[in-house]
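The next block is structure.txt, given as compact mmCIF, N, CA and C atoms.
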```
# COMPACT_ATOMS: atom_id res chain seq x y z
N MET J 898 0.86 -1.18 0.00
CA MET J 898 0.00 0.00 0.00
C MET J 898 0.90 1.24 0.00
N ARG J 899 0.42 2.29 -0.66
CA ARG J 899 1.15 3.56 -0.68
C ARG J 899 0.25 4.66 -0.12
N TYR J 900 0.88 5.66 0.50
CA TYR J 900 0.15 6.84 0.93
C TYR J 900 0.30 7.86 -0.20
N LEU J 901 -0.82 8.43 -0.67
CA LEU J 901 -0.79 9.38 -1.78
C LEU J 901 -1.22 10.76 -1.32
N ARG J 902 -0.54 11.76 -1.83
CA ARG J 902 -0.84 13.17 -1.51
C ARG J 902 -0.58 14.00 -2.76
N GLU J 903 -1.50 14.89 -3.08
CA GLU J 903 -1.33 15.76 -4.25
C GLU J 903 -0.97 17.16 -3.79
N GLU J 904 -0.02 17.76 -4.49
CA GLU J 904 0.43 19.12 -4.20
C GLU J 904 0.25 19.98 -5.44
N LEU J 905 -0.50 21.07 -5.32
CA LEU J 905 -0.61 22.04 -6.40
C LEU J 905 0.61 22.95 -6.33
N ILE J 906 1.33 23.05 -7.43
CA ILE J 906 2.52 23.92 -7.47
C ILE J 906 2.04 25.36 -7.59
N ARG J 907 2.41 26.15 -6.62
CA ARG J 907 1.97 27.55 -6.53
C ARG J 907 3.14 28.51 -6.79
N PHE J 908 2.80 29.77 -6.93
CA PHE J 908 3.79 30.83 -7.13
C PHE J 908 4.86 30.78 -6.04
N ARG J 909 4.44 30.56 -4.79
CA ARG J 909 5.37 30.55 -3.66
C ARG J 909 6.41 29.44 -3.74
N HIS J 910 6.16 28.41 -4.54
CA HIS J 910 7.10 27.30 -4.69
C HIS J 910 8.20 27.60 -5.72
N CYS J 911 7.97 28.59 -6.57
CA CYS J 911 8.82 28.78 -7.76
C CYS J 911 9.89 29.86 -7.60
N ASP J 912 10.98 29.64 -8.34
CA ASP J 912 12.07 30.62 -8.39
C ASP J 912 11.86 31.55 -9.59
N PRO J 913 12.75 32.52 -9.81
CA PRO J 913 12.57 33.44 -10.94
C PRO J 913 12.56 32.76 -12.31
N ALA J 914 13.10 31.55 -12.41
CA ALA J 914 13.07 30.83 -13.69
C ALA J 914 11.70 30.19 -13.93
N GLY J 915 10.82 30.25 -12.92
CA GLY J 915 9.47 29.70 -13.07
C GLY J 915 9.33 28.23 -12.75
N ILE J 916 10.39 27.64 -12.17
CA ILE J 916 10.33 26.23 -11.78
C ILE J 916 10.42 26.13 -10.26
N VAL J 917 10.02 24.97 -9.72
CA VAL J 917 10.06 24.80 -8.27
C VAL J 917 11.51 24.93 -7.78
N PHE J 918 11.70 25.79 -6.79
CA PHE J 918 13.00 25.98 -6.13
C PHE J 918 13.21 24.77 -5.22
N TYR J 919 14.34 24.09 -5.37
CA TYR J 919 14.53 22.78 -4.73
C TYR J 919 14.25 22.73 -3.22
N PRO J 920 14.51 23.77 -2.42
CA PRO J 920 14.14 23.65 -0.99
C PRO J 920 12.63 23.49 -0.76
N ARG J 921 11.82 23.97 -1.72
CA ARG J 921 10.37 23.79 -1.57
C ARG J 921 9.99 22.31 -1.68
N TYR J 922 10.75 21.55 -2.47
CA TYR J 922 10.49 20.11 -2.54
C TYR J 922 10.71 19.46 -1.17
N LEU J 923 11.72 19.92 -0.43
CA LEU J 923 11.97 19.36 0.90
C LEU J 923 10.77 19.61 1.81
N GLU J 924 10.18 20.79 1.70
CA GLU J 924 8.99 21.09 2.49
C GLU J 924 7.83 20.18 2.08
N MET J 925 7.67 19.95 0.77
CA MET J 925 6.60 19.07 0.29
C MET J 925 6.80 17.64 0.79
N LEU J 926 8.05 17.18 0.79
CA LEU J 926 8.33 15.83 1.28
C LEU J 926 8.02 15.74 2.77
N ASN J 927 8.44 16.74 3.54
CA ASN J 927 8.16 16.74 4.97
C ASN J 927 6.65 16.80 5.24
N ASP J 928 5.94 17.61 4.47
CA ASP J 928 4.47 17.67 4.61
C ASP J 928 3.85 16.30 4.34
N THR J 929 4.39 15.59 3.36
CA THR J 929 3.88 14.26 3.02
C THR J 929 4.09 13.30 4.18
N VAL J 930 5.27 13.33 4.78
CA VAL J 930 5.56 12.47 5.94
C VAL J 930 4.62 12.82 7.09
N GLU J 931 4.48 14.10 7.37
CA GLU J 931 3.62 14.55 8.47
C GLU J 931 2.17 14.14 8.23
N ASP J 932 1.68 14.31 7.01
CA ASP J 932 0.30 13.92 6.68
C ASP J 932 0.11 12.40 6.77
N TRP J 933 1.13 11.64 6.39
CA TRP J 933 1.09 10.18 6.50
C TRP J 933 0.93 9.75 7.95
N PHE J 934 1.73 10.33 8.83
CA PHE J 934 1.60 10.00 10.25
C PHE J 934 0.22 10.39 10.77
N ASP J 935 -0.29 11.52 10.33
CA ASP J 935 -1.63 11.95 10.73
C ASP J 935 -2.67 10.93 10.25
N GLU J 936 -2.56 10.51 9.00
CA GLU J 936 -3.47 9.52 8.42
C GLU J 936 -3.44 8.20 9.20
N MET J 937 -2.27 7.83 9.72
CA MET J 937 -2.14 6.59 10.49
C MET J 937 -2.65 6.74 11.93
N GLY J 938 -2.98 7.99 12.33
CA GLY J 938 -3.49 8.22 13.68
C GLY J 938 -2.46 8.70 14.68
N PHE J 939 -1.34 9.21 14.17
CA PHE J 939 -0.25 9.67 15.04
C PHE J 939 0.20 11.07 14.63
N PRO J 940 -0.66 12.09 14.84
CA PRO J 940 -0.28 13.46 14.44
C PRO J 940 1.00 13.91 15.14
N PHE J 941 1.85 14.58 14.38
CA PHE J 941 3.12 15.07 14.93
C PHE J 941 2.90 15.93 16.18
N GLN J 942 1.83 16.74 16.17
CA GLN J 942 1.62 17.64 17.30
C GLN J 942 1.27 16.88 18.58
N GLU J 943 0.94 15.60 18.48
CA GLU J 943 0.63 14.79 19.66
C GLU J 943 1.76 13.84 20.05
N MET J 944 2.78 13.71 19.21
CA MET J 944 3.84 12.74 19.46
C MET J 944 4.58 12.98 20.78
N LYS J 945 4.88 14.22 21.07
CA LYS J 945 5.63 14.50 22.31
C LYS J 945 4.79 14.13 23.53
N GLY J 946 3.52 14.51 23.53
CA GLY J 946 2.66 14.20 24.66
C GLY J 946 2.37 12.72 24.82
N ARG J 947 2.15 12.02 23.71
CA ARG J 947 1.80 10.59 23.76
C ARG J 947 3.00 9.70 24.01
N TYR J 948 4.14 10.04 23.41
CA TYR J 948 5.29 9.15 23.46
C TYR J 948 6.57 9.81 23.97
N GLY J 949 6.52 11.13 24.20
CA GLY J 949 7.75 11.84 24.57
C GLY J 949 8.75 11.80 23.44
N ALA J 950 8.24 11.81 22.22
CA ALA J 950 9.10 11.55 21.07
C ALA J 950 8.78 12.42 19.88
N GLY J 951 9.71 12.41 18.95
CA GLY J 951 9.55 13.04 17.65
C GLY J 951 10.09 12.07 16.60
N VAL J 952 9.94 12.47 15.33
CA VAL J 952 10.38 11.60 14.23
C VAL J 952 11.17 12.44 13.23
N PRO J 953 12.38 12.86 13.61
CA PRO J 953 13.15 13.68 12.67
C PRO J 953 13.73 12.88 11.51
N THR J 954 14.00 13.59 10.42
CA THR J 954 14.71 13.01 9.28
C THR J 954 16.18 12.97 9.63
N VAL J 955 16.80 11.80 9.47
CA VAL J 955 18.23 11.67 9.77
C VAL J 955 19.07 11.40 8.53
N ASN J 956 18.40 11.06 7.41
CA ASN J 956 19.11 10.85 6.15
C ASN J 956 18.13 11.16 5.04
N LEU J 957 18.62 11.83 4.01
CA LEU J 957 17.76 12.27 2.91
C LEU J 957 18.55 12.26 1.61
N ASN J 958 17.99 11.62 0.60
CA ASN J 958 18.61 11.57 -0.71
C ASN J 958 17.51 11.78 -1.74
N ILE J 959 17.70 12.78 -2.61
CA ILE J 959 16.69 13.09 -3.62
C ILE J 959 17.34 13.12 -5.00
N ARG J 960 16.65 12.53 -5.97
CA ARG J 960 17.08 12.62 -7.36
C ARG J 960 15.97 13.34 -8.12
N PHE J 961 16.34 14.44 -8.76
CA PHE J 961 15.39 15.23 -9.55
C PHE J 961 15.57 14.84 -11.02
N THR J 962 14.47 14.57 -11.70
CA THR J 962 14.57 14.14 -13.10
C THR J 962 13.96 15.14 -14.07
N GLN J 963 12.99 15.94 -13.61
CA GLN J 963 12.35 16.94 -14.46
C GLN J 963 11.88 18.09 -13.57
N PRO J 964 11.80 19.30 -14.12
CA PRO J 964 11.29 20.42 -13.32
C PRO J 964 9.76 20.43 -13.27
N CYS J 965 9.23 21.09 -12.24
CA CYS J 965 7.79 21.35 -12.14
C CYS J 965 7.58 22.86 -12.21
N ARG J 966 6.43 23.26 -12.76
CA ARG J 966 6.11 24.67 -12.92
C ARG J 966 4.80 25.01 -12.22
N GLN J 967 4.64 26.31 -12.00
CA GLN J 967 3.42 26.81 -11.35
C GLN J 967 2.18 26.31 -12.08
N GLY J 968 1.17 25.89 -11.30
CA GLY J 968 -0.09 25.42 -11.85
C GLY J 968 -0.14 23.92 -12.09
N GLU J 969 1.01 23.27 -12.08
CA GLU J 969 1.02 21.81 -12.25
C GLU J 969 0.67 21.12 -10.94
N ARG J 970 0.26 19.88 -11.04
CA ARG J 970 -0.06 19.08 -9.85
C ARG J 970 0.97 17.97 -9.74
N LEU J 971 1.52 17.83 -8.54
CA LEU J 971 2.53 16.82 -8.26
C LEU J 971 1.89 15.77 -7.35
N LEU J 972 1.88 14.52 -7.80
CA LEU J 972 1.36 13.43 -6.99
C LEU J 972 2.53 12.79 -6.26
N LEU J 973 2.47 12.81 -4.93
CA LEU J 973 3.54 12.26 -4.09
C LEU J 973 3.06 10.92 -3.54
N ALA J 974 3.83 9.86 -3.80
CA ALA J 974 3.47 8.51 -3.38
C ALA J 974 4.53 8.00 -2.41
N LEU J 975 4.11 7.73 -1.17
CA LEU J 975 5.02 7.29 -0.11
C LEU J 975 4.83 5.80 0.14
N SER J 976 5.93 5.07 0.25
CA SER J 976 5.91 3.67 0.68
C SER J 976 7.07 3.46 1.64
N CYS J 977 6.95 2.43 2.47
CA CYS J 977 7.98 2.11 3.44
C CYS J 977 8.90 1.05 2.85
N LEU J 978 10.20 1.28 2.91
CA LEU J 978 11.16 0.29 2.42
C LEU J 978 11.52 -0.70 3.51
N LYS J 979 11.70 -0.19 4.76
CA LYS J 979 11.97 -1.10 5.88
C LYS J 979 11.82 -0.36 7.20
N GLN J 980 11.61 -1.16 8.24
CA GLN J 980 11.52 -0.65 9.61
C GLN J 980 12.62 -1.30 10.43
N GLY J 981 13.30 -0.47 11.21
CA GLY J 981 14.26 -1.00 12.17
C GLY J 981 13.66 -0.85 13.56
N ASP J 982 14.47 -1.00 14.58
CA ASP J 982 13.99 -0.84 15.95
C ASP J 982 13.53 0.59 16.21
N SER J 983 14.32 1.56 15.73
CA SER J 983 13.99 2.97 15.97
C SER J 983 13.90 3.78 14.68
N SER J 984 14.11 3.15 13.53
CA SER J 984 14.12 3.90 12.28
C SER J 984 13.13 3.33 11.27
N ILE J 985 12.74 4.21 10.35
CA ILE J 985 11.84 3.86 9.26
C ILE J 985 12.46 4.43 7.99
N GLU J 986 12.71 3.59 7.00
CA GLU J 986 13.21 4.06 5.71
C GLU J 986 12.05 4.08 4.74
N ILE J 987 11.82 5.25 4.14
CA ILE J 987 10.71 5.41 3.21
C ILE J 987 11.20 5.89 1.85
N ALA J 988 10.35 5.68 0.87
CA ALA J 988 10.57 6.20 -0.49
C ALA J 988 9.38 7.08 -0.82
N ILE J 989 9.66 8.21 -1.43
CA ILE J 989 8.59 9.06 -1.94
C ILE J 989 8.91 9.36 -3.40
N GLU J 990 7.95 9.04 -4.26
CA GLU J 990 8.09 9.35 -5.68
C GLU J 990 7.13 10.48 -6.00
N GLY J 991 7.63 11.48 -6.69
CA GLY J 991 6.80 12.59 -7.14
C GLY J 991 6.59 12.46 -8.64
N ALA J 992 5.33 12.51 -9.07
CA ALA J 992 5.03 12.37 -10.50
C ALA J 992 4.07 13.46 -10.95
N ARG J 993 4.29 13.91 -12.17
CA ARG J 993 3.43 14.91 -12.82
C ARG J 993 2.91 14.28 -14.10
N ARG J 994 1.58 14.19 -14.22
CA ARG J 994 0.95 13.58 -15.40
C ARG J 994 1.58 12.22 -15.73
N GLY J 995 1.83 11.43 -14.68
CA GLY J 995 2.35 10.09 -14.86
C GLY J 995 3.86 9.99 -15.08
N GLN J 996 4.56 11.13 -15.15
CA GLN J 996 6.00 11.14 -15.36
C GLN J 996 6.72 11.45 -14.05
N THR J 997 7.68 10.63 -13.68
CA THR J 997 8.43 10.84 -12.44
C THR J 997 9.27 12.11 -12.55
N VAL J 998 9.16 12.97 -11.55
CA VAL J 998 9.97 14.19 -11.51
C VAL J 998 10.96 14.18 -10.36
N LEU J 999 10.69 13.36 -9.33
CA LEU J 999 11.65 13.22 -8.24
C LEU J 999 11.48 11.88 -7.56
N GLU J 1000 12.60 11.40 -7.02
CA GLU J 1000 12.62 10.17 -6.22
C GLU J 1000 13.40 10.48 -4.96
N ALA J 1001 12.78 10.23 -3.82
CA ALA J 1001 13.43 10.51 -2.54
C ALA J 1001 13.51 9.25 -1.70
N ARG J 1002 14.61 9.12 -0.98
CA ARG J 1002 14.79 8.08 0.03
C ARG J 1002 15.07 8.83 1.33
N ILE J 1003 14.27 8.52 2.34
CA ILE J 1003 14.35 9.25 3.61
C ILE J 1003 14.40 8.24 4.75
N VAL J 1004 15.28 8.50 5.72
CA VAL J 1004 15.32 7.70 6.93
C VAL J 1004 14.84 8.60 8.07
N LEU J 1005 13.81 8.12 8.75
CA LEU J 1005 13.25 8.79 9.92
C LEU J 1005 13.69 8.01 11.15
N CYS J 1006 13.91 8.71 12.25
CA CYS J 1006 14.33 8.04 13.48
C CYS J 1006 13.40 8.46 14.61
N PHE J 1007 12.85 7.50 15.30
CA PHE J 1007 12.00 7.77 16.46
C PHE J 1007 12.94 8.14 17.61
N THR J 1008 12.79 9.38 18.13
CA THR J 1008 13.72 9.87 19.14
C THR J 1008 13.00 10.56 20.29
N THR J 1009 13.73 10.67 21.41
CA THR J 1009 13.26 11.52 22.49
C THR J 1009 13.39 12.96 22.01
N VAL J 1010 12.64 13.85 22.64
CA VAL J 1010 12.74 15.27 22.31
C VAL J 1010 13.04 16.05 23.58
N GLY J 1011 13.56 17.24 23.41
CA GLY J 1011 13.91 18.07 24.56
C GLY J 1011 15.41 18.29 24.61
N GLU J 1012 15.92 18.53 25.80
CA GLU J 1012 17.35 18.82 25.97
C GLU J 1012 18.21 17.65 25.52
N THR J 1013 17.80 16.44 25.87
CA THR J 1013 18.54 15.25 25.50
C THR J 1013 17.78 14.54 24.39
N ILE J 1014 18.47 14.27 23.30
CA ILE J 1014 17.86 13.59 22.17
C ILE J 1014 18.54 12.24 22.01
N GLY J 1015 17.74 11.19 21.96
CA GLY J 1015 18.28 9.85 21.79
C GLY J 1015 17.26 8.96 21.12
N LYS J 1016 17.73 7.85 20.56
CA LYS J 1016 16.86 6.92 19.87
C LYS J 1016 15.89 6.25 20.84
N LEU J 1017 14.69 5.97 20.33
CA LEU J 1017 13.68 5.21 21.05
C LEU J 1017 13.19 4.09 20.15
N SER J 1018 12.79 2.98 20.73
CA SER J 1018 12.14 1.93 19.94
C SER J 1018 10.79 2.46 19.46
N ILE J 1019 10.44 2.13 18.24
CA ILE J 1019 9.15 2.54 17.69
C ILE J 1019 8.05 1.80 18.44
N PRO J 1020 7.07 2.51 19.00
CA PRO J 1020 5.97 1.83 19.70
C PRO J 1020 5.24 0.85 18.78
N LEU J 1021 4.77 -0.24 19.37
CA LEU J 1021 4.12 -1.30 18.61
C LEU J 1021 2.94 -0.80 17.80
N GLU J 1022 2.13 0.11 18.34
CA GLU J 1022 0.96 0.60 17.60
C GLU J 1022 1.37 1.38 16.34
N ILE J 1023 2.47 2.10 16.40
CA ILE J 1023 2.98 2.80 15.22
C ILE J 1023 3.59 1.79 14.25
N ARG J 1024 4.37 0.86 14.79
CA ARG J 1024 5.02 -0.17 13.97
C ARG J 1024 3.98 -0.94 13.14
N ARG J 1025 2.85 -1.28 13.75
CA ARG J 1025 1.80 -2.03 13.04
C ARG J 1025 1.22 -1.21 11.89
N GLN J 1026 1.01 0.08 12.10
CA GLN J 1026 0.45 0.92 11.03
C GLN J 1026 1.46 1.11 9.90
N VAL J 1027 2.72 1.36 10.25
CA VAL J 1027 3.77 1.55 9.24
C VAL J 1027 3.91 0.29 8.38
N ALA J 1028 3.79 -0.88 9.01
CA ALA J 1028 3.95 -2.15 8.30
C ALA J 1028 2.98 -2.29 7.13
N LYS J 1029 1.84 -1.64 7.21
CA LYS J 1029 0.86 -1.69 6.12
C LYS J 1029 1.40 -1.05 4.84
N TYR J 1030 2.41 -0.20 4.97
CA TYR J 1030 2.95 0.54 3.83
C TYR J 1030 4.28 -0.03 3.34
N ILE J 1031 4.71 -1.16 3.90
CA ILE J 1031 5.98 -1.74 3.47
C ILE J 1031 5.85 -2.20 2.03
N ARG J 1032 6.79 -1.77 1.23
CA ARG J 1032 6.78 -2.07 -0.20
C ARG J 1032 7.13 -3.53 -0.43
N THR J 1033 6.33 -4.17 -1.25
CA THR J 1033 6.60 -5.54 -1.70
C THR J 1033 6.70 -5.50 -3.21
N GLU J 1034 7.19 -6.56 -3.80
CA GLU J 1034 7.30 -6.62 -5.26
C GLU J 1034 5.93 -6.38 -5.90
N ALA J 1035 4.88 -6.91 -5.28
CA ALA J 1035 3.53 -6.77 -5.83
C ALA J 1035 3.03 -5.33 -5.75
N SER J 1036 3.55 -4.54 -4.77
CA SER J 1036 3.05 -3.17 -4.60
C SER J 1036 3.81 -2.15 -5.41
N VAL J 1037 4.96 -2.50 -5.96
CA VAL J 1037 5.74 -1.55 -6.75
C VAL J 1037 4.95 -1.20 -8.00
N GLY J 1038 4.70 0.12 -8.16
CA GLY J 1038 3.95 0.61 -9.30
C GLY J 1038 2.44 0.53 -9.13
N ALA J 1039 2.00 -0.05 -8.01
CA ALA J 1039 0.54 -0.16 -7.77
C ALA J 1039 -0.04 1.14 -7.29
```
Render the structure in this file as structure tokens.
Amino acid sequence: MRYLREELIRFRHCDPAGIVFYPRYLEMLNDTVEDWFDEMGFPFQEMKGRYGAGVPTVNLNIRFTQPCRQGERLLLALSCLKQGDSSIEIAIEGARRGQTVLEARIVLCFTTVGETIGKLSIPLEIRRQVAKYIRTEASVGA
């Protein structure tokens, strides 16, 4: 299963050349992760209170293949590649009219928040929801 989110490319996303300025893609990817957690029942704004934790990005790799322009719609498809004890590796593909424009690999780490930051084991209820999005051969391209 994949989590899908559509983003309308707006003026605020674009640079003077009229294409999306690459830091805006990072915001779109983060919004997708945050919305995915919300969809699974674990809103970021509740993570600290419920678990004393946050889910920061600890590794990020993006490949851009085509530019996007104002007025276009970008479909972002998130799937989970693997879960560790405290980390989740995800893939997000961005496509415009069926053509891939970006591919991202992101590692998230479940951590304590506050003065001291350290790894935490992913709670079982979160682990079970994330497992629904683990990519299998049958789900690639689905």
What lies within 7 Å of range 923-934 of chain J using only C-alpha atoms, ignoring chain neighbours under 4 positions off, as a list in words?
Tyr900, Arg902, Gly938, Phe939, Pro940 and Phe941 of chain J
Which is closest to Arg993 in chain J among J:Gly981, J:Pro953, J:Phe1007, J:Leu972, if we use all atoms listed in the file?
J:Leu972
Might you pull out every residue within 12 Å of Arg1025 in chain J, with only C-alpha atoms counted and same-chain residues fewer than 4 positions away left off, and present them as a list of chain:residue names?
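In the requested form, the answer reads J:Met937, J:Gly938, J:Gln980, J:Ile1019, J:Pro1020, J:Leu1021, J:Lys1029, J:Tyr1030, J:Ile1031.
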(22.6, 8.1, 12.6) in this file's frame - what residues fall within 9 Å of it? Use only C-alpha atoms and give the answer as number ranges by chain.
J: 955-956, 1006
Can I get the selection written as a short mmCIF file (atom, residue, chain, number, x, y, z; two decimals), in the coordinates of the input, with N, CA and C atoms?
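This went into selection_21.cif:
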```cif
data_model
loop_
_atom_site.label_atom_id
_atom_site.label_comp_id
_atom_site.auth_asym_id
_atom_site.auth_seq_id
_atom_site.Cartn_x
_atom_site.Cartn_y
_atom_site.Cartn_z
N VAL J 955 16.80 11.80 9.47
CA VAL J 955 18.23 11.67 9.77
C VAL J 955 19.07 11.40 8.53
N ASN J 956 18.40 11.06 7.41
CA ASN J 956 19.11 10.85 6.15
C ASN J 956 18.13 11.16 5.04
N CYS J 1006 13.91 8.71 12.25
CA CYS J 1006 14.33 8.04 13.48
C CYS J 1006 13.40 8.46 14.61
#
```
Work out how far atom C of Ser976 in chain J is from CA of Ala988 in chain J, in Å to one decimal.
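Separation between CA of Ala988 in chain J and atom C of Ser976 in chain J: 4.9 Å.
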Mind listing the strand (DSSP E) residues of range 953-999 of chain J, per DSSP on the backbone, as an mmCIF file with N, CA and C atoms, keeping the file's coordinate frame?
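part.cif, written as the output of this step:
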```cif
data_model
loop_
_atom_site.group_PDB
_atom_site.id
_atom_site.type_symbol
_atom_site.label_atom_id
_atom_site.label_comp_id
_atom_site.auth_asym_id
_atom_site.auth_seq_id
_atom_site.Cartn_x
_atom_site.Cartn_y
_atom_site.Cartn_z
ATOM 1 N N THR J 954 14.000 13.590 10.420
ATOM 2 C CA THR J 954 14.710 13.010 9.280
ATOM 3 C C THR J 954 16.180 12.970 9.630
ATOM 4 N N VAL J 955 16.800 11.800 9.470
ATOM 5 C CA VAL J 955 18.230 11.670 9.770
ATOM 6 C C VAL J 955 19.070 11.400 8.530
ATOM 7 N N ASN J 956 18.400 11.060 7.410
ATOM 8 C CA ASN J 956 19.110 10.850 6.150
ATOM 9 C C ASN J 956 18.130 11.160 5.040
ATOM 10 N N LEU J 957 18.620 11.830 4.010
ATOM 11 C CA LEU J 957 17.760 12.270 2.910
ATOM 12 C C LEU J 957 18.550 12.260 1.610
ATOM 13 N N ASN J 958 17.990 11.620 0.600
ATOM 14 C CA ASN J 958 18.610 11.570 -0.710
ATOM 15 C C ASN J 958 17.510 11.780 -1.740
ATOM 16 N N ILE J 959 17.700 12.780 -2.610
ATOM 17 C CA ILE J 959 16.690 13.090 -3.620
ATOM 18 C C ILE J 959 17.340 13.120 -5.000
ATOM 19 N N ARG J 960 16.650 12.530 -5.970
ATOM 20 C CA ARG J 960 17.080 12.620 -7.360
ATOM 21 C C ARG J 960 15.970 13.340 -8.120
ATOM 22 N N PHE J 961 16.340 14.440 -8.760
ATOM 23 C CA PHE J 961 15.390 15.230 -9.550
ATOM 24 C C PHE J 961 15.570 14.840 -11.020
ATOM 25 N N ARG J 970 0.260 19.880 -11.040
ATOM 26 C CA ARG J 970 -0.060 19.080 -9.850
ATOM 27 C C ARG J 970 0.970 17.970 -9.740
ATOM 28 N N LEU J 971 1.520 17.830 -8.540
ATOM 29 C CA LEU J 971 2.530 16.820 -8.260
ATOM 30 C C LEU J 971 1.890 15.770 -7.350
ATOM 31 N N LEU J 972 1.880 14.520 -7.800
ATOM 32 C CA LEU J 972 1.360 13.430 -6.990
ATOM 33 C C LEU J 972 2.530 12.790 -6.260
ATOM 34 N N LEU J 973 2.470 12.810 -4.930
ATOM 35 C CA LEU J 973 3.540 12.260 -4.090
ATOM 36 C C LEU J 973 3.060 10.920 -3.540
ATOM 37 N N ALA J 974 3.830 9.860 -3.800
ATOM 38 C CA ALA J 974 3.470 8.510 -3.380
ATOM 39 C C ALA J 974 4.530 8.000 -2.410
ATOM 40 N N LEU J 975 4.110 7.730 -1.170
ATOM 41 C CA LEU J 975 5.020 7.290 -0.110
ATOM 42 C C LEU J 975 4.830 5.800 0.140
ATOM 43 N N SER J 976 5.930 5.070 0.250
ATOM 44 C CA SER J 976 5.910 3.670 0.680
ATOM 45 C C SER J 976 7.070 3.460 1.640
ATOM 46 N N CYS J 977 6.950 2.430 2.470
ATOM 47 C CA CYS J 977 7.980 2.110 3.440
ATOM 48 C C CYS J 977 8.900 1.050 2.850
ATOM 49 N N LEU J 978 10.200 1.280 2.910
ATOM 50 C CA LEU J 978 11.160 0.290 2.420
ATOM 51 C C LEU J 978 11.520 -0.700 3.510
ATOM 52 N N LYS J 979 11.700 -0.190 4.760
ATOM 53 C CA LYS J 979 11.970 -1.100 5.880
ATOM 54 C C LYS J 979 11.820 -0.360 7.200
ATOM 55 N N GLN J 980 11.610 -1.160 8.240
ATOM 56 C CA GLN J 980 11.520 -0.650 9.610
ATOM 57 C C GLN J 980 12.620 -1.300 10.430
ATOM 58 N N SER J 984 14.110 3.150 13.530
ATOM 59 C CA SER J 984 14.120 3.900 12.280
ATOM 60 C C SER J 984 13.130 3.330 11.270
ATOM 61 N N ILE J 985 12.740 4.210 10.350
ATOM 62 C CA ILE J 985 11.840 3.860 9.260
ATOM 63 C C ILE J 985 12.460 4.430 7.990
ATOM 64 N N GLU J 986 12.710 3.590 7.000
ATOM 65 C CA GLU J 986 13.210 4.060 5.710
ATOM 66 C C GLU J 986 12.050 4.080 4.740
ATOM 67 N N ILE J 987 11.820 5.250 4.140
ATOM 68 C CA ILE J 987 10.710 5.410 3.210
ATOM 69 C C ILE J 987 11.200 5.890 1.850
ATOM 70 N N ALA J 988 10.350 5.680 0.870
ATOM 71 C CA ALA J 988 10.570 6.200 -0.490
ATOM 72 C C ALA J 988 9.380 7.080 -0.820
ATOM 73 N N ILE J 989 9.660 8.210 -1.430
ATOM 74 C CA ILE J 989 8.590 9.060 -1.940
ATOM 75 C C ILE J 989 8.910 9.360 -3.400
ATOM 76 N N GLU J 990 7.950 9.040 -4.260
ATOM 77 C CA GLU J 990 8.090 9.350 -5.680
ATOM 78 C C GLU J 990 7.130 10.480 -6.000
ATOM 79 N N GLY J 991 7.630 11.480 -6.690
ATOM 80 C CA GLY J 991 6.800 12.590 -7.140
ATOM 81 C C GLY J 991 6.590 12.460 -8.640
ATOM 82 N N ALA J 992 5.330 12.510 -9.070
ATOM 83 C CA ALA J 992 5.030 12.370 -10.500
ATOM 84 C C ALA J 992 4.070 13.460 -10.950
ATOM 85 N N ARG J 993 4.290 13.910 -12.170
ATOM 86 C CA ARG J 993 3.430 14.910 -12.820
ATOM 87 C C ARG J 993 2.910 14.280 -14.100
ATOM 88 N N GLN J 996 4.560 11.130 -15.150
ATOM 89 C CA GLN J 996 6.000 11.140 -15.360
ATOM 90 C C GLN J 996 6.720 11.450 -14.050
ATOM 91 N N THR J 997 7.680 10.630 -13.680
ATOM 92 C CA THR J 997 8.430 10.840 -12.440
ATOM 93 C C THR J 997 9.270 12.110 -12.550
ATOM 94 N N VAL J 998 9.160 12.970 -11.550
ATOM 95 C CA VAL J 998 9.970 14.190 -11.510
ATOM 96 C C VAL J 998 10.960 14.180 -10.360
ATOM 97 N N LEU J 999 10.690 13.360 -9.330
ATOM 98 C CA LEU J 999 11.650 13.220 -8.240
ATOM 99 C C LEU J 999 11.480 11.880 -7.560
#
```
Counting only C-alpha atoms, which of J:Thr1009, J:Ser1018, J:Ser983, J:Gln967 gets nearest to Gly949 in chain J?
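Selected residue with least distance to Gly949 in chain J: J:Thr1009.
Shortest atom-to-atom contact with Pro913 in chain J among J:Arg1032, J:Val1027, J:Gly995, J:Arg966: J:Arg966, counting only C-alpha atoms.
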